[in-house]
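Below you'll find the structure, written out as structure tokens, and then a few comments.
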Amino acid sequence: MILPFFVYGTLRPGERNHDLFLRGRTLSEEPGRLPGATLYEGPGYPYAVEEPGGTVSGELVTALPEAYPGLLAELDRLEGYVPGGPRNLYERVVREVLREADGTAVRAWVYVAAPAVAAELRARGKPVEGGAWRGVR
């Protein structure tokens with residue numbers, strides 16, 4: 001399934017992993033919002049935790065078709081995601097993301113906190129005020 005990616009942390013434009021993974025490999029990058037999730041601080045990077053009432057800000061990234069398979073594999077490695085993996089920190093899921101420009105809902109891949117990580121963050125984590133993360137560059 002070829003879908004855009006919704007990025008909200010180190011892959012956002014201006015953040016440390018954007019140029020390493022996305023520069024020259026995208027058709028478009030546009031602001032978007034993920035409803036039904038809260039952004040939490042993590043050790044050096046954020047986690048989107050699915051829960052009612054929150055919104056996470058980020059970018060909808062559409063990869064160049066020829067770059068898509070390699071990019072998907074690289075992003076899975078970056079996020080430590082293995083399908084069905086018991087030690088995943090993130091899960092890659094399909095969610096509806098809203099384009100900032102017009103509010104249109106777009107189906108996109110999103111890396112959200114895996115269940116055990118999400119439970120820990122809900123219990124002891126620090127939400128990112130306003131749902132928009134900006135890290136140390």
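Identifiers in this document derive from the order of the structure tokens: chains are assigned A, B, ..., residues are numbered from 1 separately in each chain, and ligands are numbered from 1 in order of occurrence.
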Find the residues around Arg25 of chain A up to 7 Å (only C-alpha atoms counted), leave out those fewer than 2 positions away in its own chain, and share them as a list in words. Leu22, Arg23, Ala63, Leu64 and Ala67 of chain A
Selected residues written out with N, CA, C and O atoms, as a PDB file, in the first residue's frame:
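Just written: again21.pdb:
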```pdb
ATOM      1  N   LEU A  22      14.904  12.312   3.856  1.00  0.00           N
ATOM      2  CA  LEU A  22      13.857  12.795   2.950  1.00  0.00           C
ATOM      3  C   LEU A  22      14.323  13.726   1.833  1.00  0.00           C
ATOM      4  O   LEU A  22      13.686  13.765   0.782  1.00  0.00           O
ATOM      5  N   ARG A  23      15.394  14.461   2.037  1.00  0.00           N
ATOM      6  CA  ARG A  23      15.800  15.437   1.018  1.00  0.00           C
ATOM      7  C   ARG A  23      16.009  14.756  -0.334  1.00  0.00           C
ATOM      8  O   ARG A  23      16.712  13.770  -0.443  1.00  0.00           O
ATOM      9  N   ALA A  63       6.321  10.590  -0.884  1.00  0.00           N
ATOM     10  CA  ALA A  63       7.608  10.173  -1.460  1.00  0.00           C
ATOM     11  C   ALA A  63       7.526  10.069  -2.975  1.00  0.00           C
ATOM     12  O   ALA A  63       6.450   9.795  -3.538  1.00  0.00           O
ATOM     13  N   LEU A  64       8.661  10.258  -3.633  1.00  0.00           N
ATOM     14  CA  LEU A  64       8.752   9.969  -5.061  1.00  0.00           C
ATOM     15  C   LEU A  64       8.491   8.475  -5.252  1.00  0.00           C
ATOM     16  O   LEU A  64       8.985   7.660  -4.453  1.00  0.00           O
ATOM     17  N   ALA A  67      11.418   6.216  -5.029  1.00  0.00           N
ATOM     18  CA  ALA A  67      12.101   6.214  -3.737  1.00  0.00           C
ATOM     19  C   ALA A  67      11.299   5.493  -2.656  1.00  0.00           C
ATOM     20  O   ALA A  67      11.838   5.155  -1.603  1.00  0.00           O
TER      21      ALA A  67
END
```
When DSSP is applied to the backbone of this structure, which of segment 18-137 of chain A are assigned alpha helix (DSSP H)? Write them out as a PyMOL selection string. chain A and resi 18-21+68-78+115-124
Which residues are near Pro115 of chain A? Cut-off 9 Å, only C-alpha atoms, ignore same chain within fewer than 4 positions. Put them as a PDB file with N, CA and C atoms, in the first residue's frame.
```pdb
ATOM      1  N   VAL A  49       0.882   9.379  20.932  1.00  0.00           N
ATOM      2  CA  VAL A  49       0.124   8.376  21.673  1.00  0.00           C
ATOM      3  C   VAL A  49      -1.343   8.556  21.308  1.00  0.00           C
ATOM      4  N   LEU A  89       9.246   0.075  19.669  1.00  0.00           N
ATOM      5  CA  LEU A  89       8.937   1.315  20.372  1.00  0.00           C
ATOM      6  C   LEU A  89       7.785   2.027  19.676  1.00  0.00           C
ATOM      7  N   TYR A  90       7.719   1.877  18.363  1.00  0.00           N
ATOM      8  CA  TYR A  90       6.675   2.469  17.536  1.00  0.00           C
ATOM      9  C   TYR A  90       5.972   1.368  16.750  1.00  0.00           C
ATOM     10  N   GLU A  91       4.716   1.639  16.390  1.00  0.00           N
ATOM     11  CA  GLU A  91       3.971   0.819  15.444  1.00  0.00           C
ATOM     12  C   GLU A  91       3.654   1.700  14.243  1.00  0.00           C
ATOM     13  N   ALA A 119       1.410   3.188  27.221  1.00  0.00           N
ATOM     14  CA  ALA A 119       0.934   3.061  28.605  1.00  0.00           C
ATOM     15  C   ALA A 119       1.883   3.766  29.572  1.00  0.00           C
ATOM     16  N   GLU A 120       3.172   3.602  29.356  1.00  0.00           N
ATOM     17  CA  GLU A 120       4.176   4.257  30.223  1.00  0.00           C
ATOM     18  C   GLU A 120       4.098   5.776  30.090  1.00  0.00           C
TER      19      GLU A 120
END
```
With only C-alpha atoms as the counted atoms, please give the residues lying no more than 9 Å from Pro127 of chain A, apart from itself and same-chain residues fewer than 5 positions off, as a PyMOL selection string. chain A and resi 38-41+121-122
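Contact shell of Arg12 of chain A at 12 Å (only C-alpha atoms; same-chain neighbours under 5 positions omitted): A:Phe5, A:Phe6, A:Val7, A:Asn17, A:His18, A:Asp19, A:Leu20, A:Phe21, A:Leu22, A:Arg23, A:Glu29, A:Glu30, A:Pro31, A:Gly32, A:Tyr45, A:Pro46, A:Ser57, A:Gly58, A:Glu59, A:Leu60, A:Val61, A:Ala132, A:Trp133, A:Arg134, A:Gly135, A:Arg137.
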Using N, CA, C and O atoms, can you export the residues from the last selection as a compact mmCIF listing (two decimals), in the first residue's frame?
```txt
# COMPACT_ATOMS: atom_id res chain seq x y z
N PHE A 5 3.52 9.65 4.27
CA PHE A 5 3.92 9.51 5.67
C PHE A 5 3.53 10.77 6.41
O PHE A 5 3.64 11.87 5.86
N PHE A 6 3.12 10.63 7.65
CA PHE A 6 2.92 11.79 8.52
C PHE A 6 4.08 11.79 9.50
O PHE A 6 4.26 10.84 10.26
N VAL A 7 4.90 12.86 9.46
CA VAL A 7 6.06 12.96 10.34
C VAL A 7 5.86 14.11 11.32
O VAL A 7 5.31 15.15 10.96
N ASN A 17 16.88 14.56 11.15
CA ASN A 17 16.77 13.43 10.23
C ASN A 17 16.10 13.76 8.89
O ASN A 17 16.07 12.92 8.00
N HIS A 18 15.58 14.97 8.77
CA HIS A 18 14.91 15.33 7.52
C HIS A 18 15.85 15.19 6.32
O HIS A 18 15.55 14.49 5.36
N ASP A 19 16.97 15.87 6.37
CA ASP A 19 17.89 15.84 5.23
C ASP A 19 18.48 14.45 5.02
O ASP A 19 18.69 14.03 3.88
N LEU A 20 18.74 13.72 6.09
CA LEU A 20 19.34 12.39 5.98
C LEU A 20 18.43 11.40 5.25
O LEU A 20 18.90 10.55 4.50
N PHE A 21 17.12 11.51 5.46
CA PHE A 21 16.20 10.52 4.92
C PHE A 21 15.28 11.05 3.81
O PHE A 21 14.91 10.28 2.93
N LEU A 22 14.90 12.31 3.86
CA LEU A 22 13.86 12.79 2.95
C LEU A 22 14.32 13.73 1.83
O LEU A 22 13.69 13.76 0.78
N ARG A 23 15.39 14.46 2.04
CA ARG A 23 15.80 15.44 1.02
C ARG A 23 16.01 14.76 -0.33
O ARG A 23 16.71 13.77 -0.44
N GLU A 29 5.71 18.02 0.64
CA GLU A 29 5.72 18.04 2.10
C GLU A 29 4.81 19.20 2.48
O GLU A 29 5.05 20.33 2.09
N GLU A 30 3.74 18.89 3.21
CA GLU A 30 2.78 19.92 3.55
C GLU A 30 2.30 19.76 4.99
O GLU A 30 2.20 18.64 5.49
N PRO A 31 2.03 20.87 5.66
CA PRO A 31 1.59 20.80 7.05
C PRO A 31 0.30 20.00 7.21
O PRO A 31 -0.59 20.06 6.36
N GLY A 32 0.24 19.25 8.31
CA GLY A 32 -0.95 18.46 8.61
C GLY A 32 -1.13 18.27 10.10
O GLY A 32 -0.26 18.64 10.90
N TYR A 45 13.46 12.41 21.12
CA TYR A 45 12.47 12.44 20.05
C TYR A 45 11.10 12.22 20.66
O TYR A 45 10.98 11.71 21.78
N PRO A 46 10.05 12.61 19.95
CA PRO A 46 8.70 12.51 20.52
C PRO A 46 7.99 11.21 20.14
O PRO A 46 8.42 10.48 19.26
N SER A 57 0.75 18.00 15.52
CA SER A 57 1.10 18.75 14.31
C SER A 57 2.34 18.16 13.66
O SER A 57 3.25 17.70 14.36
N GLY A 58 2.38 18.19 12.34
CA GLY A 58 3.54 17.68 11.61
C GLY A 58 3.40 17.96 10.13
O GLY A 58 2.74 18.93 9.74
N GLU A 59 4.00 17.10 9.33
CA GLU A 59 3.97 17.24 7.88
C GLU A 59 3.53 15.95 7.22
O GLU A 59 3.92 14.86 7.65
N LEU A 60 2.73 16.10 6.19
CA LEU A 60 2.38 14.98 5.31
C LEU A 60 3.44 14.95 4.21
O LEU A 60 3.63 15.93 3.49
N VAL A 61 4.13 13.85 4.10
CA VAL A 61 5.23 13.71 3.16
C VAL A 61 4.86 12.66 2.12
O VAL A 61 4.59 11.52 2.47
N ALA A 132 3.04 20.33 18.96
CA ALA A 132 4.05 20.55 17.92
C ALA A 132 5.43 20.46 18.55
O ALA A 132 5.78 21.26 19.42
N TRP A 133 6.23 19.49 18.11
CA TRP A 133 7.57 19.25 18.66
C TRP A 133 8.62 19.92 17.83
O TRP A 133 8.59 19.87 16.59
N ARG A 134 9.54 20.53 18.49
CA ARG A 134 10.75 21.05 17.84
C ARG A 134 11.92 20.63 18.69
O ARG A 134 12.00 20.98 19.87
N GLY A 135 12.79 19.83 18.12
CA GLY A 135 13.92 19.28 18.87
C GLY A 135 15.17 20.13 18.76
O GLY A 135 15.15 21.25 18.26
N ARG A 137 18.53 20.80 17.05
CA ARG A 137 19.06 20.53 15.71
C ARG A 137 20.54 20.28 15.76
O ARG A 137 21.30 20.71 16.47
```
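Picture a line from atom CA of Asn88 of chain A to atom CA of Ala105 of chain A; it runs 27.4 Å.
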Restricting the calculation to only C-alpha atoms, which member of A:Val112, A:Ala48, A:Leu34, A:Leu75 is positioned closest to Arg99 of chain A? A:Leu34
Measuring between only C-alpha atoms, which one of A:Ala108, A:Leu27, A:Ala114, A:Leu3 shows the shortest distance to Gly84 of chain A? A:Ala114
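We find atom CA of Met1 of chain A and atom CA of Leu72 of chain A to be spaced 10.8 Å apart.
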Among the residues A:Trp109, A:Arg16, A:Gly131, A:Lys126, the one that comes closest to Thr62 of chain A [using only C-alpha atoms]: A:Trp109
One decimal, in Å: what's the spacing between atom CA of Thr55 of chain A and atom CA of Thr26 of chain A? 24.4 Å
